[in-house]
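Trainee: If you scroll down you'll find the structure; I have some questions about it.
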Amino acid sequence: LDGIVVLDVSYANFSGIIAASLFAEFGAEVIKIEPSEGDPSRKITPYGVNVNGVGIPFLMEARNKRYLTLDVRTEEGRRDFEKLAAKADVLIETFPAGQMDSWGIGYRQLSQANPGLIYTAITSYGQYTDRAKEFRNLPDSDITSQAASGIAANIGDPDTSPEPYNWPLKAGAWIGWYTSGLEAALGGAIALIYKDATGEGQMIDIASADAYASLVGYPVIIGYSWEKARPRIGRHDFCLYPYGFWESKDGIVAIAAPRDHDFRALLKILKLWKIEDDWRFTFDRIPDILEQIEELYGAIQAETVKYSSDELVKMSMEYSLKAARSKWRGGGVPIIMKVQKPSETMKNKHWNIRKAFMEIDDKTLGKFTIPANFVKMSESPPRVKWISCDIGKDNDYIREKYL
């Protein structure tokens, strides 16, 4: 993306920051625009952890960016912003729906001077529905995005409340923000291809509440098909089984054996062939009745606890090797993997070989390690060049080059 100029005017919202990071890692010149006191996202820190006052989450997404102090909330700041936008290819903003337009620097106005501008707006509910209007001034957050998208309801834990199926759970670390950020970057990349073909820009409207729901639609389809909502099933998968976590002698293992022949192979490994007739077909194992699937869960765990995690993994790999050599087995492959703690994962040489992490030595921030190079590409791989993210550190460079 050398030669592509991206303006990141997101404010207190990591979706926009994450989207901008992806453009930056592939070579675009990304200019992070923030007021003189800095983006509030700088102060979002897990348990007070920071590096010289910069929160770890912000630092993680600071790679390869220029930093300009310019306050678009002021008339003076908006004049300079218009000049920048006239020379930009992509703009990312996270203000309330219609806010930038009311300031005279929305897509409607900026596209007049720059018809090729790709304008990306990220909000909780998008730009134009009644719900978007109702929640216009509610700041976006990862947890509220998850709640609105339905993911929290899907993976809720039924064991933490006396009533079944009624306690939702949060998924992962900021999966809502990262999903909407990734979708914004993907939409921007496609828009750049369109611009290359036609010379025309466009507006991209991302609703973070849609982001996860639009990627994983089958819970909704199942609900409509069965005319009832699937109950929250905690540690079990929404539609596949066995597909989850079991105890071993020395820890937890993940087991994936959803197809009928995978399931039968798992029964052979664990010497559970006596229960095959009771659970022969995939339909018998769809976890819509929690009590039923818990019975199968217990039967499998009664055997997995007899082995260590490494033994279970070895049993799976040996069986898979035999299956690959034998046509009559039908390709049944039960996959078993040890659940590792982050500290164990970091010690694995695999990550060093793939250069999945990178040590940064910054004059201001000191030494620290970040994930890097999330995708491997033979000709145009992403790159982490620098991290330094002092407020306004590139003011002179940007003003001389663009203003």
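Identifiers in this document derive from the order of the structure tokens: chains are assigned A, B, ..., residues are numbered from 1 separately in each chain, and ligands are numbered from 1 in order of occurrence.
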Based on DSSP run over this structure's backbone, return all residues of segment 125-231 of chain A in strand (DSSP E), as a list of chain:residue names.
Mentor: A:Gln202, A:Met203, A:Ile204, A:Asp205, A:Ile206, A:Ala207
Trainee: Do a neighbour search on Tyr397 of chain A at 12 Å with only C-alpha atoms, toss out local chain neighbours closer than 3 positions, and write the hits as a PDB file with C-alpha atoms, in the first residue's frame.
Mentor:
ATOM      1  CA  ILE A  31      -1.769   9.647  10.083  1.00  0.00           C
ATOM      2  CA  ARG A  66       2.417   9.181  12.051  1.00  0.00           C
ATOM      3  CA  TYR A  67       0.979  11.256  14.914  1.00  0.00           C
ATOM      4  CA  LEU A  68      -0.528  14.701  14.334  1.00  0.00           C
ATOM      5  CA  THR A  69      -2.143  16.970  16.923  1.00  0.00           C
ATOM      6  CA  GLY A 392       2.235  15.137  17.929  1.00  0.00           C
ATOM      7  CA  LYS A 393       5.621  13.584  17.123  1.00  0.00           C
ATOM      8  CA  ASP A 394       5.092  14.046  13.350  1.00  0.00           C
ATOM      9  CA  GLU A 400       5.404  20.368   5.597  1.00  0.00           C
ATOM     10  CA  LYS A 401       4.284  17.490   3.354  1.00  0.00           C
ATOM     11  CA  TYR A 402       0.513  17.970   3.291  1.00  0.00           C
ATOM     12  CA  LEU A 403      -0.400  21.407   4.634  1.00  0.00           C
TER      13      LEU A 403
END
Trainee: Neighbouring residues of Val253 of chain A were defined as those with any atom within 6 Å, considering only C-alpha atoms; residues of the same chain fewer than 6 positions away were excluded. Please report them as a list in words.
Mentor: Phe245, Trp246, Met337, Lys338 and Val339 of chain A
Trainee: Would you output that residue set with N, CA and C atoms, as a short mmCIF file (atom, residue, chain, number, x, y, z; two decimals), in the first residue's frame?
Mentor:
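Saved as selection.cif:
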data_model
loop_
_atom_site.label_atom_id
_atom_site.label_comp_id
_atom_site.auth_asym_id
_atom_site.auth_seq_id
_atom_site.Cartn_x
_atom_site.Cartn_y
_atom_site.Cartn_z
N PHE A 245 -14.07 -28.83 25.23
CA PHE A 245 -12.95 -29.03 26.13
C PHE A 245 -13.27 -30.11 27.17
N TRP A 246 -12.28 -30.96 27.41
CA TRP A 246 -12.42 -32.04 28.39
C TRP A 246 -11.21 -32.07 29.31
N MET A 337 -6.06 -31.61 21.02
CA MET A 337 -4.99 -30.64 21.21
C MET A 337 -4.96 -30.21 22.68
N LYS A 338 -3.77 -30.12 23.23
CA LYS A 338 -3.62 -29.67 24.61
C LYS A 338 -3.92 -28.18 24.71
N VAL A 339 -4.68 -27.80 25.70
CA VAL A 339 -4.95 -26.38 25.96
C VAL A 339 -3.78 -25.81 26.75
#
Trainee: Could you check which of A:Tyr319, A:Phe374, A:Trp351, A:Phe238 is closest to Asp262 of chain A, using only C-alpha atoms?
Mentor: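 Of all the options, A:Tyr319 lies closest to Asp262 of chain A.
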Trainee: What is the distance between atom CA of Arg136 of chain A and atom CA of Pro96 of chain A, in Å to one decimal?
Mentor: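 Between atom CA of Arg136 of chain A and atom CA of Pro96 of chain A the gap works out to 5.4 Å.
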Trainee: Might you pull out every residue within 10 Å of segment 264-273 of chain A, with only C-alpha atoms counted and same-chain residues fewer than 5 positions away left off, and present them as a PDB file with C-alpha atoms, in the first residue's frame?
Mentor:
ATOM      1  CA  PRO A 242     -17.981 -33.535  20.331  1.00  0.00           C
ATOM      2  CA  ILE A 255     -11.428 -32.314  21.115  1.00  0.00           C
ATOM      3  CA  ALA A 256     -12.936 -31.872  17.653  1.00  0.00           C
ATOM      4  CA  ALA A 257     -14.799 -34.913  16.332  1.00  0.00           C
ATOM      5  CA  PRO A 258     -18.035 -33.517  14.868  1.00  0.00           C
ATOM      6  CA  ARG A 259     -18.624 -35.784  11.850  1.00  0.00           C
ATOM      7  CA  TRP A 279     -24.924 -41.775  19.632  1.00  0.00           C
ATOM      8  CA  ARG A 280     -24.471 -43.037  16.095  1.00  0.00           C
ATOM      9  CA  PHE A 281     -25.514 -40.026  14.019  1.00  0.00           C
ATOM     10  CA  ALA A 299     -19.056 -40.458  29.250  1.00  0.00           C
ATOM     11  CA  ILE A 300     -16.162 -39.026  27.257  1.00  0.00           C
ATOM     12  CA  GLN A 301     -14.576 -37.340  30.259  1.00  0.00           C
ATOM     13  CA  ALA A 302     -14.696 -40.558  32.290  1.00  0.00           C
ATOM     14  CA  GLU A 303     -12.121 -41.862  29.803  1.00  0.00           C
ATOM     15  CA  THR A 304     -10.075 -38.722  29.047  1.00  0.00           C
ATOM     16  CA  LYS A 306      -7.331 -41.628  32.577  1.00  0.00           C
ATOM     17  CA  TYR A 307      -4.694 -40.166  30.251  1.00  0.00           C
ATOM     18  CA  LEU A 312      -4.339 -38.093  24.284  1.00  0.00           C
ATOM     19  CA  MET A 315      -3.319 -41.258  20.441  1.00  0.00           C
ATOM     20  CA  SER A 316      -5.102 -38.857  18.094  1.00  0.00           C
ATOM     21  CA  GLU A 318      -1.316 -42.042  15.606  1.00  0.00           C
ATOM     22  CA  TYR A 319      -4.901 -42.835  14.667  1.00  0.00           C
ATOM     23  CA  SER A 320      -4.963 -40.000  12.124  1.00  0.00           C
ATOM     24  CA  ALA A 323      -6.599 -43.255   8.771  1.00  0.00           C
ATOM     25  CA  ARG A 329     -11.603 -46.047   7.464  1.00  0.00           C
ATOM     26  CA  GLY A 330     -13.440 -43.285   5.620  1.00  0.00           C
ATOM     27  CA  GLY A 331     -11.143 -40.523   6.791  1.00  0.00           C
ATOM     28  CA  GLY A 332     -12.323 -40.403  10.392  1.00  0.00           C
ATOM     29  CA  VAL A 333      -9.954 -38.057  12.217  1.00  0.00           C
ATOM     30  CA  PRO A 334     -10.548 -37.072  15.851  1.00  0.00           C
ATOM     31  CA  ILE A 335      -8.456 -33.989  16.577  1.00  0.00           C
ATOM     32  CA  ILE A 336      -7.107 -33.588  20.109  1.00  0.00           C
TER      33      ILE A 336
END
Trainee: For Asp89 of chain A, list every protein, DNA or RNA residue within 12 Å, evaluated using only C-alpha atoms, and leave out those in the same chain fewer than 4 positions away; present the list as a PyMOL selection string.
Mentor: chain A and resi 1-8+23+28-31+84-85+110-111+114-120+188-189+191-193+195-196+199-203
Trainee: Would you list the contacts of Arg131 of chain A as a PyMOL selection string, taking every protein, DNA or RNA residue within 12 Å and counting only C-alpha atoms, but skipping same-chain residues closer than 5 positions in sequence?
Mentor: chain A and resi 97+123-126+136-138+148+207+209
Trainee: Pull C-alpha atoms from the residues just selected and write them as a PDB file, in the first residue's frame.
Mentor:
ATOM      1  CA  ALA A  97     -23.477   9.195  13.373  1.00  0.00           C
ATOM      2  CA  THR A 123     -20.432   3.390  15.031  1.00  0.00           C
ATOM      3  CA  SER A 124     -22.479   1.072  17.243  1.00  0.00           C
ATOM      4  CA  TYR A 125     -25.504   0.822  14.926  1.00  0.00           C
ATOM      5  CA  GLY A 126     -24.423   2.497  11.722  1.00  0.00           C
ATOM      6  CA  ARG A 136     -26.246   7.917  18.482  1.00  0.00           C
ATOM      7  CA  ASN A 137     -24.606   9.460  21.543  1.00  0.00           C
ATOM      8  CA  LEU A 138     -23.830   6.212  23.342  1.00  0.00           C
ATOM      9  CA  ALA A 148     -25.889  -6.204  20.660  1.00  0.00           C
ATOM     10  CA  ALA A 207     -21.966  -0.979  12.597  1.00  0.00           C
ATOM     11  CA  ALA A 209     -23.168  -4.428  16.535  1.00  0.00           C
TER      12      ALA A 209
END
Trainee: What separation in Å, quoted to one decimal, exists between atom CA of Asp130 of chain A and atom CA of Ala173 of chain A?
Mentor: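 Computed distance, atom CA of Asp130 of chain A to atom CA of Ala173 of chain A, equals 29.7 Å.
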Trainee: Can you list, as a PyMOL selection string, all residues belonging to segment 177-388 of chain A that DSSP tags as alpha helix (DSSP H)?
Mentor: chain A and resi 177-198+208-215+218-226+260-269+290-304+309-325+342-346+349-353
Trainee: Tell me, as a ChimeraX atom specification, which residues lie within 8 Å of segment 57-64 of chain A, counting only C-alpha atoms; anything in the same chain fewer than 4 positions away does not count.
Mentor: /A:17-18,21,24-25,29-30,41-46,370-371,384-389
Trainee: Write a file of the selected residues as a short mmCIF file (atom, residue, chain, number, x, y, z; two decimals), in the first residue's frame, keeping N, CA, C and O atoms.
Mentor:
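Everything below was put into part-v9.cif:
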data_model
loop_
_atom_site.label_atom_id
_atom_site.label_comp_id
_atom_site.auth_asym_id
_atom_site.auth_seq_id
_atom_site.Cartn_x
_atom_site.Cartn_y
_atom_site.Cartn_z
N ILE A 17 -8.84 2.39 15.36
CA ILE A 17 -7.39 2.27 15.55
C ILE A 17 -6.88 0.96 14.97
O ILE A 17 -5.83 0.91 14.32
N ILE A 18 -7.63 -0.12 15.19
CA ILE A 18 -7.24 -1.43 14.67
C ILE A 18 -7.27 -1.46 13.15
O ILE A 18 -6.35 -1.97 12.50
N SER A 21 -4.30 0.28 11.83
CA SER A 21 -3.08 -0.50 12.03
C SER A 21 -2.85 -1.47 10.88
O SER A 21 -1.71 -1.69 10.45
N ALA A 24 -1.53 0.38 7.97
CA ALA A 24 -0.15 0.79 8.23
C ALA A 24 0.82 -0.37 8.06
O ALA A 24 1.93 -0.20 7.55
N GLU A 25 0.40 -1.55 8.49
CA GLU A 25 1.30 -2.70 8.44
C GLU A 25 1.56 -3.15 7.01
O GLU A 25 2.56 -3.80 6.72
N GLU A 29 0.69 5.17 4.43
CA GLU A 29 1.08 6.22 5.36
C GLU A 29 -0.17 6.58 6.18
O GLU A 29 -1.08 7.23 5.68
N VAL A 30 -0.19 6.11 7.42
CA VAL A 30 -1.34 6.32 8.29
C VAL A 30 -1.04 7.48 9.23
O VAL A 30 -0.03 7.48 9.94
N SER A 41 -8.10 6.80 24.10
CA SER A 41 -7.73 5.39 23.98
C SER A 41 -6.33 5.12 24.52
O SER A 41 -6.00 3.98 24.87
N ARG A 42 -5.50 6.15 24.55
CA ARG A 42 -4.15 5.98 25.10
C ARG A 42 -4.18 5.56 26.57
O ARG A 42 -3.24 4.94 27.05
N LYS A 43 -5.24 5.89 27.27
CA LYS A 43 -5.30 5.65 28.71
C LYS A 43 -6.07 4.38 29.07
O LYS A 43 -6.27 4.09 30.25
N ILE A 44 -6.53 3.65 28.07
CA ILE A 44 -7.21 2.39 28.35
C ILE A 44 -6.15 1.33 28.62
O ILE A 44 -5.43 0.92 27.72
N THR A 45 -6.03 0.94 29.88
CA THR A 45 -4.96 0.01 30.26
C THR A 45 -5.52 -1.15 31.06
O THR A 45 -6.36 -0.97 31.93
N PRO A 46 -5.04 -2.36 30.78
CA PRO A 46 -5.49 -3.50 31.57
C PRO A 46 -4.81 -3.51 32.94
O PRO A 46 -3.59 -3.61 33.03
N ILE A 370 5.85 -7.34 21.00
CA ILE A 370 4.49 -7.31 20.50
C ILE A 370 4.29 -8.42 19.47
O ILE A 370 5.25 -8.89 18.86
N PRO A 371 3.05 -8.87 19.26
CA PRO A 371 2.78 -9.77 18.13
C PRO A 371 3.03 -9.02 16.83
O PRO A 371 2.80 -7.81 16.74
N VAL A 384 6.38 -4.42 10.43
CA VAL A 384 6.38 -3.50 11.57
C VAL A 384 7.70 -2.74 11.51
O VAL A 384 8.77 -3.32 11.67
N LYS A 385 7.62 -1.44 11.26
CA LYS A 385 8.82 -0.63 11.10
C LYS A 385 9.20 0.09 12.40
O LYS A 385 10.35 0.09 12.79
N TRP A 386 8.22 0.73 13.03
CA TRP A 386 8.51 1.43 14.27
C TRP A 386 7.23 1.52 15.09
O TRP A 386 6.14 1.32 14.62
N ILE A 387 7.39 1.87 16.35
CA ILE A 387 6.27 1.92 17.27
C ILE A 387 6.05 3.33 17.84
O ILE A 387 4.94 3.70 18.14
N SER A 388 7.06 4.12 17.96
CA SER A 388 7.02 5.40 18.66
C SER A 388 5.71 6.16 18.40
O SER A 388 5.34 6.40 17.25
N CYS A 389 5.02 6.52 19.48
CA CYS A 389 3.70 7.12 19.33
C CYS A 389 3.53 8.35 20.21
O CYS A 389 2.44 8.58 20.74
#
Trainee: Give me, please, the distance in Å between atom CA of Arg108 of chain A and atom CA of Phe135 of chain A, quoted to one decimal.
Mentor: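 Spanning atom CA of Arg108 of chain A to atom CA of Phe135 of chain A is a straight-line distance of 22.0 Å.
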Trainee: Smallest atom-to-atom distance to Glu291 of chain A: which of A:Val51, A:His236, A:Gly176, A:Pro168, using only C-alpha atoms?
Mentor: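 Checking each of A:Val51, A:His236, A:Gly176, A:Pro168 against Glu291 of chain A, counting only C-alpha atoms, the winner is A:His236.
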Trainee: Could you check the closest approach to Ile175 of chain A for each of A:Asn373, A:Asn395, A:Asn154, A:Ser145 and tell me which residue wins, using only C-alpha atoms?
Mentor: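 The closest residue to Ile175 of chain A is A:Ser145.
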Trainee: Residues of segment 98-195 of chain A that approach segment 74-80 of chain A to 10 Å or less, counting only C-alpha atoms: could you list each one with the shortest pair of atoms and its distance in Å to one decimal, rows by chain and increasing residue number, as JSON lines?
Mentor:
{"residue": "A:Met100", "atom": "CA", "partner": "A:Arg78", "partner_atom": "CA", "distance": 9.8}
{"residue": "A:Trp103", "atom": "CA", "partner": "A:Arg78", "partner_atom": "CA", "distance": 7.9}
{"residue": "A:Gly104", "atom": "CA", "partner": "A:Arg78", "partner_atom": "CA", "distance": 8.3}
{"residue": "A:Ile105", "atom": "CA", "partner": "A:Arg78", "partner_atom": "CA", "distance": 7.1}
